[in-house]
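Novice: Quick one: the structure is below, questions incoming.
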Amino acid sequence: MRWLKPAAFAVALLPLAWLLWRAGFGSLGVNPVETINRYLGDWALRFLLIALAVTPVRQWTGWPALARLRRMMGLFAFFYVCLHLASYVGIDLFFDWAALWADVVKRNYITLGMIAVLLLVPLALTSTNGMIRRLGGARWRRLHLLVFPASILGVVHFWMMVKADIREPLVYAVLLAVLLGWRLWGFARRAQRA
Amino acid sequence: MLIRPAADLRDHDVTDQALYLDRRRFLALGAAAGTLLAAGQGLAATSDDAPTPFEAVTTYNNYYEFGTAKEDPAVTAPSRLKLAPWSVAVDGECAKPGTVALDDLIKPLKLEERLYRMRCVEGWSMVIPWQGVPLGQVLKRFEPNSKAKYVEFTTLADKAQMPGLRVPVLDWPYVEGLRLDEAMHPLTLLATGLYGKDLLAQNGAPLRLVVPWKYGFKSIKSIVRIRFSETQPVNSWQKANSREYGFYSNVNPEVDHPRWSQASERRIGEFRRRKTLMFNGYADQVASLYAGMDLRVNY
């Protein structure tokens, strides 16, 4: 199954390609800055959920090859998170560092979003085989539990930003709850058996 | 000499009376607009305020009755909102309440052209050439009594026409309110058109409020009821979240929305943010309305 990883890699780049395509043809709508920022934020959350879904889906389908996609999906989540952050700082605020600091300190949803980014940084840095070996499996796994609080903060960040129509963040919250609940359920069952 | 109508002109060729009158109104409107724009003072926006393109004004709308995405109203509203016949019920603290057909409400008055900045509470803004009549002139004929301290406005709420009403995002119908002196202020406009055309459904046709020194959500769309009241109305956004949205909702760069700064805004069509102005740049005309009030408390 040598095609799986390259194919997944190409597919994961499609959202970015679509954004660049729209930007090239000037079809980002009336408020392009808002469109870009929201779009990248949406995809950051989606890839976080996709990364978290790899293990459950692998077990349900009994297709072990999927495991090879987990790291890539996690890194793509981080990639879109970085683009989302870059568009906020570079395009929306146009590198107005004072305004950025004020936002981070005063706006809860931005504070939480920033914390989520910080939680993901060590995960991206320790994603190489070398780092896994250096840290040792157990420690590496414990460190990477940070993906759970980061995902929760990501969804809360979206939820808090919305003005009144919470349907969209609600969908993310439910999906995340299912993915986290499935893990808790498995954990509880193993604890019972032990 | 015999004068007779040309044989090829029949009764239905004669320009409809209403249209004919409209022609004069149109000319008057053009002239009024010309003077205003030429003078470039008073009611007009300042010179770096180029009108936002018609395309943007009519496709980027917050009108939750037709969906919560900005693109929704332009797609769903025009084919669904029935604009005629339209009437407005006026009641409450006034001597002459009644239900008035739209034409009877507007036609007696001279349409005016106003180029206004529009600042959304979300942090973006536009510049829109409106046509309409000063709200105060409309309200006067109903003779508000001494108990009338506030004016409450209500948007149409018809599930058959408005798909967004199925979602309880806000407590329908949409309600807004002004203090009577704000309502009577010469800047406050009851708009029936923009860019020289009748309002489109997504912009709040056939009749909407425009209060240029307040956040956009105060400028209620598709008005079906106006009520004079002694007590302060509870507007829909205040009801939904009173910590974030108050009754006054004057544009104020110094009082932030709890979740974001109001110090700057993105003018649609521009890349960089620009500074938000006190009372959206209309402080000269309206600041006196709020003399002595703490604008942090009365947000």
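Chain labels follow the order of the structure tokens: the first chain is A, the next B, and so on; residue numbering restarts at 1 in every chain, and ligands are counted from 1 in their shown order.
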Can you list, as a PyMOL selection string, every protein, DNA or RNA residue that comes within 12 Å of Trp182 of chain A when you count only C-alpha atoms, leaving out same-chain residues fewer than 4 positions away?

Specialist: chain A and resi 52-53+55-57+59-60+175-178+186-189

Novice: Pick out the residues sitting within 6 Å of Arg179 of chain B, and hand them over as a list in words; count only C-alpha atoms, and ignore anything fewer than 2 positions along from it in its own chain.

Specialist: Tyr150, Asp181 and Glu182 of chain B

Novice: Counting only C-alpha atoms, figure out which residue out of B:Val169, B:Ile268, B:Ile223, B:Val75 gets nearest to Arg167 of chain A.

Specialist: B:Val169

Novice: Taking only C-alpha atoms into account, produce a table as CSV in which each residue of chain A with an atom at most 8 Å from an atom of chain B appears once, together with its shortest atom pair and the distance in Å to one decimal, ordered by chain and rising number.

Specialist:
```
residue,atom,partner,partner_atom,distance
A:Val30,CA,B:Ala56,CA,5.7
A:Asn31,CA,B:Ile268,CA,6.2
A:Val33,CA,B:Phe271,CA,7.6
A:Asp92,CA,B:Arg272,CA,7.7
A:Leu93,CA,B:Arg273,CA,7.5
A:Phe94,CA,B:Arg272,CA,7.0
A:Asp103,CA,B:Trp260,CA,7.2
A:Lys106,CA,B:Arg259,CA,7.9
A:Arg107,CA,B:Arg259,CA,5.2
A:Asn108,CA,B:Arg259,CA,6.9
A:Tyr109,CA,B:Arg259,CA,7.3
A:Met161,CA,B:Arg259,CA,7.5
A:Ala164,CA,B:Val169,CA,5.8
A:Asp165,CA,B:Val169,CA,5.5
```

Novice: Could you list, as a ChimeraX atom specification, every residue within 10 Å of Lys218 of chain B, counting only C-alpha atoms and ignoring same-chain residues fewer than 2 positions away?

Specialist: /B:120-121,153,175-178,209-216,220-221,235-237,247-250

Novice: Would you write out those residues with C-alpha atoms, as a compact mmCIF listing (two decimals), in the first residue's frame?

Specialist:
```txt
# COMPACT_ATOMS: atom_id res chain seq x y z
CA CYS B 120 -21.10 46.64 12.23
CA VAL B 121 -20.58 45.54 15.83
CA PHE B 153 -39.56 48.86 15.99
CA VAL B 175 -37.08 44.15 17.91
CA GLU B 176 -35.10 47.37 18.15
CA GLY B 177 -35.60 50.64 19.95
CA LEU B 178 -34.47 54.24 20.16
CA LEU B 209 -34.08 52.17 9.84
CA VAL B 210 -30.62 53.72 9.39
CA VAL B 211 -28.98 55.15 12.52
CA PRO B 212 -25.44 55.88 11.34
CA TRP B 213 -23.84 56.55 14.74
CA LYS B 214 -24.93 53.22 16.20
CA TYR B 215 -23.76 49.69 15.46
CA GLY B 216 -25.50 48.24 12.42
CA ILE B 220 -33.67 47.30 11.98
CA LYS B 221 -34.87 45.87 8.67
CA ASN B 235 -33.93 45.02 21.77
CA SER B 236 -33.32 41.50 20.45
CA TRP B 237 -29.54 41.43 20.87
CA PHE B 247 -29.78 49.35 24.39
CA TYR B 248 -27.72 52.29 23.16
CA SER B 249 -25.02 50.48 21.15
CA ASN B 250 -23.41 53.71 20.02
```

Novice: Quick one: residues within 10 Å of Leu112 of chain A, only C-alpha atoms, excluding same-chain residues fewer than 6 positions away - as an mmCIF file with N, CA and C atoms, in the first residue's frame?

Specialist:
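The file below, part-v2.cif, is the result:
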```cif
data_model
loop_
_atom_site.group_PDB
_atom_site.id
_atom_site.type_symbol
_atom_site.label_atom_id
_atom_site.label_comp_id
_atom_site.auth_asym_id
_atom_site.auth_seq_id
_atom_site.Cartn_x
_atom_site.Cartn_y
_atom_site.Cartn_z
ATOM 1 N N VAL A 104 -4.665 38.921 23.121
ATOM 2 C CA VAL A 104 -4.298 37.686 23.831
ATOM 3 C C VAL A 104 -4.626 37.814 25.320
ATOM 4 N N LEU A 118 0.132 26.723 21.726
ATOM 5 C CA LEU A 118 1.331 26.424 22.522
ATOM 6 C C LEU A 118 1.375 24.954 22.926
ATOM 7 N N ALA A 150 -5.675 20.391 23.927
ATOM 8 C CA ALA A 150 -5.542 21.342 22.806
ATOM 9 C C ALA A 150 -6.790 21.312 21.928
ATOM 10 N N ILE A 152 -9.834 20.324 22.799
ATOM 11 C CA ILE A 152 -10.970 20.888 23.539
ATOM 12 C C ILE A 152 -10.898 22.415 23.501
ATOM 13 N N LEU A 153 -9.707 22.968 23.741
ATOM 14 C CA LEU A 153 -9.549 24.430 23.693
ATOM 15 C C LEU A 153 -9.867 24.968 22.305
ATOM 16 N N GLY A 154 -9.479 24.214 21.278
ATOM 17 C CA GLY A 154 -9.758 24.648 19.905
ATOM 18 C C GLY A 154 -11.255 24.787 19.658
ATOM 19 N N VAL A 155 -12.008 23.803 20.106
ATOM 20 C CA VAL A 155 -13.461 23.846 19.902
ATOM 21 C C VAL A 155 -14.083 24.957 20.749
ATOM 22 N N VAL A 156 -13.620 25.094 21.994
ATOM 23 C CA VAL A 156 -14.138 26.168 22.856
ATOM 24 C C VAL A 156 -13.825 27.530 22.246
ATOM 25 N N HIS A 157 -12.630 27.671 21.696
ATOM 26 C CA HIS A 157 -12.196 28.895 21.008
ATOM 27 C C HIS A 157 -13.192 29.256 19.898
ATOM 28 N N PHE A 158 -13.585 28.290 19.104
ATOM 29 C CA PHE A 158 -14.546 28.514 18.026
ATOM 30 C C PHE A 158 -15.911 28.872 18.624
ATOM 31 N N MET A 160 -16.721 30.161 21.459
ATOM 32 C CA MET A 160 -16.786 31.476 22.109
ATOM 33 C C MET A 160 -16.752 32.619 21.114
#
```

Novice: Among segment 38-134 of chain A, which residues carry a DSSP assignment of alpha helix (DSSP H), reported as a count of residues only?

Specialist: 75
